[in-house]
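The structure under discussion appears below in the form of structure tokens.
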Amino acid sequence: MVVLATKLYVEGDARERSLDSLRSLVGNTLGDLDVTYDVGIRHDDFPSITVEGDDAVVARNLLREEWGEITGKFEPGETYVGTLERWDDDGFVLDAGEAIRIPTSEIDLGPGSPDQVRERFGLVQHLPMTFVYGTEDQPHRLADEERDRLYEWTRGTGRVNVNSATRAEVRATVNRAGHAQDIVTVERLGLLEQSIICGEGTDPPGLLASIGEYVPAELRCVVP
């Protein structure tokens, strides 16, 4: 079984649509491998994928590579994935099957409080993020590759990050708002966390204001 490092935290019809989307994405990832699989949801909203068949080992590795994995077992100095659950003056708290606190000093994304960093980099709640598990002498920290990814966001054409919606739902919303020609693509960050990559000349705050009425979700801008 592989527990994916993304969350399904919406309810009602949205939950069913999101679960259908996940099943489709898992099916696309596993392709023509000789496996059968079952998608479940744990009590903490992390999806679990049970895989059986001749290609089960390959399939599990593909799922881990695509989504990251919640393991429940940690080795100091190793890199894992958790979802951004909350933030306060003392840092970020990620959910990686257990609460992982990243102290402010170990976020290392420039000056400002954790909330200011979150605003600057457009970090929405439940965003999957990689971290390095700490030791007795060294606290948990954001992984270098995570910092590189977020800095890269600020060097592009701008983004609008969204949670609580599938990639297909976000694309439909952009089209409905009449901005299909103003974006490059919608990048999937997690099952319900997406990043709208703006085209040249598109103003991220303006795009956010335009689509906000259609999206009952958290939206954050990344302004280059």
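Residue names in the structure tokens use chain letters A, B, ... in the order shown, residue numbers from 1 in each chain, and ligand numbers from 1 in the order shown.
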
Check which residues of segment 14-62 of chain A sit at most 12 Å from segment 164-183 of chain A using only C-alpha atoms, and return one row each with the closest pair of atoms and their distance in Å to one decimal, ordered by chain and rising number, as JSON lines.
```
{"residue": "A:Ala14", "atom": "CA", "partner": "A:Ala165", "partner_atom": "CA", "distance": 8.3}
{"residue": "A:Arg15", "atom": "CA", "partner": "A:Ser164", "partner_atom": "CA", "distance": 9.7}
{"residue": "A:Glu16", "atom": "CA", "partner": "A:Thr166", "partner_atom": "CA", "distance": 11.5}
{"residue": "A:Arg17", "atom": "CA", "partner": "A:Thr166", "partner_atom": "CA", "distance": 8.5}
{"residue": "A:Ser18", "atom": "CA", "partner": "A:Thr166", "partner_atom": "CA", "distance": 6.5}
{"residue": "A:Leu19", "atom": "CA", "partner": "A:Thr166", "partner_atom": "CA", "distance": 9.9}
{"residue": "A:Asp20", "atom": "CA", "partner": "A:Thr166", "partner_atom": "CA", "distance": 10.3}
{"residue": "A:Ser21", "atom": "CA", "partner": "A:Thr166", "partner_atom": "CA", "distance": 7.4}
{"residue": "A:Leu22", "atom": "CA", "partner": "A:Thr166", "partner_atom": "CA", "distance": 9.1}
{"residue": "A:Ser24", "atom": "CA", "partner": "A:Ala168", "partner_atom": "CA", "distance": 11.7}
{"residue": "A:Leu25", "atom": "CA", "partner": "A:Arg167", "partner_atom": "CA", "distance": 10.8}
```

So that I have them on file, write out the residues from the current selection with C-alpha atoms, as a tab-separated table (two decimals), in the first residue's frame.
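Below is the file that was written, selection.tsv:
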```tsv
chain	number	residue	atom	x	y	z
A	14	ALA	CA	-16.85	17.90	-4.17
A	15	ARG	CA	-15.32	14.95	-2.34
A	16	GLU	CA	-16.84	12.47	-4.76
A	17	ARG	CA	-15.65	14.47	-7.78
A	18	SER	CA	-12.18	14.73	-6.28
A	19	LEU	CA	-12.08	11.00	-5.57
A	20	ASP	CA	-13.11	10.27	-9.17
A	21	SER	CA	-10.34	12.60	-10.35
A	22	LEU	CA	-7.81	10.79	-8.18
A	24	SER	CA	-8.39	8.71	-13.05
A	25	LEU	CA	-4.97	10.18	-12.26
```

What are the DSSP strand (DSSP E) residues of segment 131-211 of chain A, as a ChimeraX atom specification?
/A:131-132,141-142,159-163,183-188,193-198

Can I get the selection written as a PDB file, in the first residue's frame, with C-alpha atoms?
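Here's the written file again.pdb:
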```pdb
ATOM      1  CA  PHE A 131      11.308  18.840   4.217  1.00  0.00           C
ATOM      2  CA  VAL A 132      14.374  17.328   5.844  1.00  0.00           C
ATOM      3  CA  ARG A 141      13.863  22.299   7.845  1.00  0.00           C
ATOM      4  CA  LEU A 142      12.499  22.905   4.383  1.00  0.00           C
ATOM      5  CA  ARG A 159       1.091  32.590 -10.660  1.00  0.00           C
ATOM      6  CA  VAL A 160      -2.212  32.268  -8.893  1.00  0.00           C
ATOM      7  CA  ASN A 161      -2.267  29.312  -6.515  1.00  0.00           C
ATOM      8  CA  VAL A 162      -5.557  27.676  -5.581  1.00  0.00           C
ATOM      9  CA  ASN A 163      -6.686  25.025  -3.129  1.00  0.00           C
ATOM     10  CA  ILE A 183      -2.472  31.736 -18.924  1.00  0.00           C
ATOM     11  CA  VAL A 184       0.185  29.215 -19.926  1.00  0.00           C
ATOM     12  CA  THR A 185      -1.241  26.217 -18.099  1.00  0.00           C
ATOM     13  CA  VAL A 186      -2.609  24.968 -14.796  1.00  0.00           C
ATOM     14  CA  GLU A 187       0.082  23.028 -12.935  1.00  0.00           C
ATOM     15  CA  ARG A 188      -1.036  20.356 -10.500  1.00  0.00           C
ATOM     16  CA  GLU A 193      -3.862  22.348  -4.960  1.00  0.00           C
ATOM     17  CA  GLN A 194      -3.205  23.935  -8.340  1.00  0.00           C
ATOM     18  CA  SER A 195      -1.016  26.700  -9.748  1.00  0.00           C
ATOM     19  CA  ILE A 196      -2.260  28.861 -12.613  1.00  0.00           C
ATOM     20  CA  ILE A 197       0.816  30.003 -14.540  1.00  0.00           C
ATOM     21  CA  CYS A 198       0.213  33.430 -16.013  1.00  0.00           C
TER      22      CYS A 198
END
```

Interatomic distance, atom CA of Asp54 of chain A to atom CA of Leu33 of chain A (Å, one decimal)
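Computing it gives 8.3 Å between the two atoms.
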
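Closest approach to Leu192 of chain A from the set A:Glu218, A:Glu98, A:Asp88, A:Glu213 is made by A:Glu218, with distances taken over only C-alpha atoms.
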
Just want the 12 Å neighbourhood of His43 of chain A, counted on only C-alpha atoms, with same-chain residues fewer than 6 positions away dropped. Output as number ranges by chain.
A: 3, 7-9, 97

For Phe92 of chain A, please output as a ChimeraX atom specification all residues within 8 Å (counting only C-alpha atoms; exclusion window: fewer than 2 positions along the same chain).
/A:84-88,90,94,101-104,107,114

Could you take the residues named above and write them with N, CA, C and O atoms, as a compact mmCIF listing (two decimals), in the first residue's frame?
```
# COMPACT_ATOMS: atom_id res chain seq x y z
N LEU A 84 1.10 21.53 4.06
CA LEU A 84 1.11 22.72 4.89
C LEU A 84 -0.24 22.85 5.60
O LEU A 84 -1.24 23.17 4.98
N GLU A 85 -0.23 22.63 6.90
CA GLU A 85 -1.48 22.64 7.66
C GLU A 85 -1.76 23.97 8.35
O GLU A 85 -2.88 24.42 8.39
N ARG A 86 -0.72 24.58 8.92
CA ARG A 86 -0.93 25.86 9.60
C ARG A 86 0.40 26.58 9.73
O ARG A 86 1.46 26.03 9.43
N TRP A 87 0.34 27.81 10.19
CA TRP A 87 1.52 28.65 10.34
C TRP A 87 1.23 29.61 11.48
O TRP A 87 0.09 29.96 11.78
N ASP A 88 2.29 30.03 12.15
CA ASP A 88 2.18 31.00 13.23
C ASP A 88 3.50 31.73 13.32
O ASP A 88 4.37 31.57 12.45
N ASP A 90 5.93 31.18 15.03
CA ASP A 90 7.06 30.29 15.29
C ASP A 90 7.44 29.43 14.09
O ASP A 90 8.44 28.70 14.15
N LEU A 94 3.75 21.18 9.08
CA LEU A 94 3.39 20.28 7.99
C LEU A 94 2.79 19.00 8.57
O LEU A 94 3.19 18.55 9.65
N ARG A 101 7.00 20.47 12.71
CA ARG A 101 7.16 21.93 12.82
C ARG A 101 8.48 22.37 12.18
O ARG A 101 9.55 21.85 12.53
N ILE A 102 8.36 23.29 11.24
CA ILE A 102 9.53 23.91 10.63
C ILE A 102 9.71 25.28 11.29
O ILE A 102 8.90 26.19 11.04
N PRO A 103 10.70 25.45 12.16
CA PRO A 103 10.86 26.74 12.83
C PRO A 103 11.12 27.85 11.81
O PRO A 103 11.61 27.61 10.70
N THR A 104 10.77 29.06 12.20
CA THR A 104 10.95 30.20 11.32
C THR A 104 12.37 30.27 10.77
O THR A 104 12.59 30.56 9.59
N ILE A 107 12.90 27.94 7.75
CA ILE A 107 12.15 28.13 6.50
C ILE A 107 13.09 28.67 5.43
O ILE A 107 13.10 28.21 4.28
N PRO A 114 6.53 34.04 9.15
CA PRO A 114 6.00 32.93 8.33
C PRO A 114 4.78 33.33 7.51
O PRO A 114 4.64 32.90 6.36
```

Going by DSSP on the backbone, which residues of segment 8-48 of chain A come out as alpha helix (DSSP H)? List them as a list in words.
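Secondary structure check on segment 8-48 of chain A, alpha helix (DSSP H): Gly12, Asp13, Ala14, Arg15, Glu16, Arg17, Ser18, Leu19, Asp20, Ser21, Leu22, Arg23, Ser24, Leu25, Val26, Gly27, Asn28, Thr29 and Leu30 of chain A.
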